[in-house]
Amino acid sequence: MHLDHSHHGPTTVSADAHRPDGSRRALRIGLGGPVGSGKTATVAALCRMLRDELSLAVVTNDIYTREDAEFLLREAVLPPERITAVETGACPHTAIRDDISANLEAVEDLEDMAGPLDLVLVESGGDNLTATFSKGLVDAQIFVIDVAGGDDIPRKGGPGVTTADLLVVNKTDLAPYVGSDLARMAADAKAQRAELPVVFQSLRSEAGVADVAAWVRSRLAEWTA
Amino acid sequence: MSRAALLVLADGRFPAGGHAHSGGAEAAVKAGRISGAASLEAFCRGRLHTAGLVAAGLAAAAALGIDPVALDRAADARTPSPALRVAARKLGRQLLRAARATWPSAELDALGREFPKGAHQPVVLGLAARAAGLGPVDAAYCAAYESVSGPASATVRLLSLDPFDATRVLARLAPEVDRVADRAVEAAREAVTEGPDALPAGSAPLLEIGAEAHAGWPVRLFAS
């Protein structure tokens with residue numbers, strides 16, 4: 001026993017940047033955030049915007065249904081073989097942070113079956129403000145909140161708001177109707193996140209998901225450089 | 001050998017995918033067979049002496065160095081439900097990943113090459129125990145204990161059962177876990193000379209039937 005201490009073999013372990021055949025694996029970006037903030041809608045919009053320029057796939061982590069995966073299938077944002085649903089035993093934060101094995105398998109199986117891929121989006125089921133992705137699973141993460149969830153969320157902070165590589169404040173079109181102060185949200189986010197970027201978006205506007213897509217493209221350019 | 005390695009392998013937080021599975025508890029809760037601490041204990045006792053004993057025997061046999069391919073076939077033969085076979089292989093694949101990262105070993109690498117989509121979880125568990133420098137008794141204990149700790153923690157989530165009640169159930173079953181582990185190791189030692197047919201083959205038809213029904217549910221909390 002203990003003859004081989006390398007991690008090379010039939011499957012890679014965790015965040016290895018290369019696949020068993022030596023090729024570079026796809027960039028993995030996680031999307032997390034509270035229930036109803038627009039994670040799945042953002043994923044769908046990203047797929048529509050990027051699918052003609054990139055080879056991409058999606059892993060969803062639903063809490064107790066396959067609804068997020070089924071929404072993406074129904075909307076036909078990607079062919080079915082590029083969408084996988086991971087079952088999380090009622091705890092998405094466990095599956096994306098503490099015990100990532102099922103998600104790693106889903107990502108690797110997608111690369112095997114639908115690859116080669118440039119990008120895999122890993123979506124968490126709606127969870128709380130402390131739910132972040134393990135660095136063993138994703139290379140970068142987006143935290144999605146919305147203006148209707150309360151404009152004090154950026155001020156309250158928490159690991160998602162404070163440390164995510166990109167913070168998205170979604171549904172800005174609703175701000176006047178729910179009394180949310182976008183300038184205050186921006187100032188609070190800046191105070192919590194220093195130089196880390198923040199995007200304010202409304203998927204109902206013409207620009208839609210364009211800013212987030214531009215951020216994804218720049219991460220991908222760094223990854224493949 | 002480090003005794004503490006056993007604690008690492010047996011830890012419920014060992015990242016090998018178990019948190020997403022209820023060990024049949026979700027189907028039993030829905031069917032009304034688990035409704036509180038007493039019926040949870042009855043369910044766990046039944047699982048321990050059937051699926052738990054079988055898993056412990058396979059794990060001990062793998063830890064003794066019996067050919068994992070033969071053991072995987074023996075596990076298939078003892079698992080009539082296709083849904084349970086799928087769950088066992090998924091969990092085996094996830095455990096293999098965690099074990100290879102934790103205790104790198106040529107035997108685990110070879111197992112991954114032989115079963116790229118996963119071998120039955122108890123077989124992987126036995127080889128993981130070997131890689132961790134543990135023996136057949138340790139492997140049998142891990143498998144037997146997991147067979148009851150999984151449903152118990154799932155039931156805490158499914159029924160909002162008092163977690164102290166669930167833990168008391170596990171403590172009350174501890175002497176029986178001892179006996180199951182002993183029987184499993186004894187059978188595994190026999191299997192070294194007699195072959196895998198000497199391993200326990202107890203079965204729980206309701207677990208098998210419940211798993212098939214559960215796999216078809218459109219809405220569920222657990223993968224199995």
# chains A, B, ... in the order shown; residues from 1 in each chain; ligands from 1
>>> select_by_dssp(residues="segment 2-221 of chain A", states="strand (DSSP E or B)", output="ChimeraX atom specification")
/A:18,24,27-32,56-62,83-87,119-124,140-146,166-170,198-200
>>> write_last_selection(atoms="N, CA and C atoms", output="short mmCIF file (atom, residue, chain, number, x, y, z; two decimals), in the first residue's frame")
data_model
loop_
_atom_site.label_atom_id
_atom_site.label_comp_id
_atom_site.auth_asym_id
_atom_site.auth_seq_id
_atom_site.Cartn_x
_atom_site.Cartn_y
_atom_site.Cartn_z
N HIS A 18 -6.31 20.16 -14.54
CA HIS A 18 -6.23 19.33 -15.73
C HIS A 18 -7.06 18.07 -15.60
N ARG A 24 -6.72 20.85 -20.38
CA ARG A 24 -7.19 21.78 -19.36
C ARG A 24 -8.71 21.63 -19.23
N LEU A 27 -13.54 26.04 -17.11
CA LEU A 27 -13.67 26.97 -15.99
C LEU A 27 -14.99 26.68 -15.29
N ARG A 28 -14.96 26.66 -13.95
CA ARG A 28 -16.20 26.41 -13.20
C ARG A 28 -16.57 27.66 -12.41
N ILE A 29 -17.78 28.16 -12.65
CA ILE A 29 -18.25 29.34 -11.93
C ILE A 29 -19.51 28.97 -11.15
N GLY A 30 -19.51 29.26 -9.85
CA GLY A 30 -20.65 28.98 -8.99
C GLY A 30 -21.57 30.19 -8.89
N LEU A 31 -22.88 29.93 -8.82
CA LEU A 31 -23.85 31.00 -8.57
C LEU A 31 -24.66 30.64 -7.34
N GLY A 32 -24.57 31.47 -6.30
CA GLY A 32 -25.32 31.23 -5.07
C GLY A 32 -26.13 32.45 -4.71
N LEU A 56 -20.70 25.27 -23.26
CA LEU A 56 -20.96 25.34 -21.83
C LEU A 56 -22.00 24.34 -21.36
N ALA A 57 -22.03 24.12 -20.02
CA ALA A 57 -22.96 23.20 -19.39
C ALA A 57 -23.32 23.75 -18.01
N VAL A 58 -24.41 23.20 -17.43
CA VAL A 58 -24.93 23.69 -16.16
C VAL A 58 -25.16 22.54 -15.20
N VAL A 59 -24.77 22.72 -13.92
CA VAL A 59 -25.14 21.80 -12.85
C VAL A 59 -26.04 22.56 -11.89
N THR A 60 -27.22 22.02 -11.58
CA THR A 60 -28.09 22.66 -10.58
C THR A 60 -28.06 21.85 -9.28
N ASN A 61 -28.28 22.54 -8.17
CA ASN A 61 -28.35 21.89 -6.86
C ASN A 61 -29.69 22.28 -6.23
N ASP A 62 -30.73 21.53 -6.53
CA ASP A 62 -32.03 21.88 -5.99
C ASP A 62 -32.18 21.36 -4.57
N ILE A 83 -27.22 19.66 -19.10
CA ILE A 83 -27.78 20.11 -17.83
C ILE A 83 -27.90 18.91 -16.89
N THR A 84 -27.33 19.01 -15.69
CA THR A 84 -27.39 17.92 -14.71
C THR A 84 -27.90 18.47 -13.39
N ALA A 85 -28.81 17.73 -12.74
CA ALA A 85 -29.30 18.13 -11.42
C ALA A 85 -28.67 17.25 -10.35
N VAL A 86 -28.05 17.88 -9.34
CA VAL A 86 -27.50 17.14 -8.20
C VAL A 86 -28.52 17.19 -7.07
N GLU A 87 -28.76 16.03 -6.42
CA GLU A 87 -29.67 16.01 -5.27
C GLU A 87 -28.86 16.26 -4.01
N LEU A 119 -16.83 26.14 -20.23
CA LEU A 119 -17.39 26.75 -19.02
C LEU A 119 -18.47 25.85 -18.43
N VAL A 120 -18.43 25.65 -17.11
CA VAL A 120 -19.52 24.97 -16.41
C VAL A 120 -20.06 25.93 -15.34
N LEU A 121 -21.35 26.20 -15.39
CA LEU A 121 -22.00 27.02 -14.37
C LEU A 121 -22.59 26.07 -13.33
N VAL A 122 -22.23 26.25 -12.05
CA VAL A 122 -22.76 25.42 -10.97
C VAL A 122 -23.69 26.30 -10.14
N GLU A 123 -24.98 26.00 -10.21
CA GLU A 123 -25.95 26.82 -9.50
C GLU A 123 -26.35 26.17 -8.19
N SER A 124 -26.31 26.94 -7.11
CA SER A 124 -26.77 26.43 -5.82
C SER A 124 -28.26 26.62 -5.70
N ALA A 140 -14.44 30.42 -9.42
CA ALA A 140 -14.91 31.76 -9.08
C ALA A 140 -16.39 31.65 -8.74
N GLN A 141 -16.89 32.57 -7.92
CA GLN A 141 -18.31 32.50 -7.59
C GLN A 141 -19.00 33.84 -7.65
N ILE A 142 -20.28 33.75 -8.05
CA ILE A 142 -21.15 34.91 -8.16
C ILE A 142 -22.22 34.78 -7.08
N PHE A 143 -22.44 35.85 -6.31
CA PHE A 143 -23.51 35.83 -5.32
C PHE A 143 -24.61 36.74 -5.82
N VAL A 144 -25.84 36.20 -5.92
CA VAL A 144 -26.96 36.95 -6.50
C VAL A 144 -27.95 37.32 -5.39
N ILE A 145 -28.14 38.61 -5.16
CA ILE A 145 -29.20 39.07 -4.26
C ILE A 145 -30.14 39.95 -5.10
N ASP A 146 -31.28 40.34 -4.52
CA ASP A 146 -32.16 41.20 -5.31
C ASP A 146 -32.66 42.35 -4.45
N LEU A 166 -17.97 38.06 -7.62
CA LEU A 166 -18.86 39.08 -8.22
C LEU A 166 -20.16 39.09 -7.41
N LEU A 167 -20.59 40.28 -7.02
CA LEU A 167 -21.90 40.42 -6.37
C LEU A 167 -22.87 40.98 -7.40
N VAL A 168 -23.99 40.29 -7.59
CA VAL A 168 -25.02 40.78 -8.51
C VAL A 168 -26.22 41.23 -7.70
N VAL A 169 -26.62 42.49 -7.89
CA VAL A 169 -27.86 42.99 -7.27
C VAL A 169 -28.90 42.99 -8.38
N ASN A 170 -29.86 42.08 -8.26
CA ASN A 170 -30.78 41.78 -9.36
C ASN A 170 -32.12 42.50 -9.17
N VAL A 198 -19.21 44.72 -8.30
CA VAL A 198 -20.65 44.60 -8.06
C VAL A 198 -21.36 44.96 -9.36
N VAL A 199 -22.36 44.19 -9.75
CA VAL A 199 -23.16 44.51 -10.93
C VAL A 199 -24.61 44.70 -10.51
N PHE A 200 -25.21 45.81 -10.91
CA PHE A 200 -26.65 46.00 -10.72
C PHE A 200 -27.32 45.64 -12.04
#
>>> residues_around(residues="Ser149 of chain B", least_positions_apart="3", cutoff="10 Å", atoms="only C-alpha atoms", output="PyMOL selection string")
chain B and resi 12+22-23+44+48+143-146+152-155+166-167+169-170
>>> interface_residues(of="chain B", to="chain A", cutoff="10 Å", atoms="only C-alpha atoms", output="number ranges by chain")
B: 13-22, 90-91, 93-98, 100-101, 103-117, 130-133, 154, 157-158, 217-224
>>> residues_around(residues="Arg204 of chain A", least_positions_apart="2", cutoff="12 Å", atoms="only C-alpha atoms", output="NGL selection string")
:A and (38 or 41-42 or 45 or 170-174 or 201-202 or 206-210)
>>> atom_distance(atom1="atom CA of Gly135 of chain B", atom2="atom CA of Ala74 of chain B")
20.4 Å
>>> residues_around(residues="Glu190 of chain B", least_positions_apart="5", cutoff="8 Å", atoms="only C-alpha atoms", output="MDAnalysis selection string")
chainID B and resid 195 198:199
>>> select_by_dssp(residues="segment 41-196 of chain A", states="helix (DSSP H, G or I)", output="number ranges by chain")
A: 41-50, 67-74, 80-82, 92-98, 101-114, 147-149, 153-156, 159-163, 172-178, 182-193
>>> residues_around(residues="segment 24-32 of chain B", least_positions_apart="5", cutoff="6 Å", atoms="only C-alpha atoms", output="PyMOL selection string")
chain B and resi 151+210+214
>>> write_last_selection(atoms="C-alpha atoms", output="compact mmCIF listing (two decimals), in the first residue's frame")
# COMPACT_ATOMS: atom_id res chain seq x y z
CA PRO B 151 -31.35 6.99 8.58
CA GLY B 210 -39.34 1.35 -0.79
CA HIS B 214 -38.77 6.46 -3.84
>>> residues_around(residues="Arg183 of chain B", least_positions_apart="5", cutoff="10 Å", atoms="only C-alpha atoms", output="tab-separated table (two decimals) with C-alpha atoms, in the first residue's frame")
chain	number	residue	atom	x	y	z
B	53	LEU	CA	-24.75	-6.88	8.21
B	56	ALA	CA	-20.24	-4.89	7.13
B	57	GLY	CA	-19.36	-8.32	5.72
B	140	ALA	CA	-17.09	-3.66	9.62
B	177	VAL	CA	-23.72	-2.90	16.22
B	178	ASP	CA	-20.95	-4.72	18.13
B	188	ALA	CA	-15.28	-12.30	6.06
B	199	LEU	CA	-20.55	-13.57	3.31
B	200	PRO	CA	-23.91	-12.64	4.93
>>> atom_distance(atom1="atom CA of Ala187 of chain B", atom2="atom CA of Ala61 of chain B")
8.3 Å
>>> closest_residue(among="A:Val107, A:Ala164, A:Ile153, A:Leu117", to="Phe133 of chain A", atoms="only C-alpha atoms")
A:Ala164
>>> atom_distance(atom1="atom CA of Pro154 of chain A", atom2="atom CA of Met185 of chain A")
6.0 Å
>>> closest_residue(among="A:Ile96, A:Leu110, A:Leu129, A:Ala187", to="Pro34 of chain A", atoms="only C-alpha atoms")
A:Leu129
>>> residues_around(residues="Pro68 of chain B", least_positions_apart="2", cutoff="9 Å", atoms="only C-alpha atoms", output="list in words")
Ala61, Ala62, Gly65, Ile66, Ala70, Leu71, Asp72, Arg73, Leu111, Ala119, Val123, Val124 and Leu127 of chain B
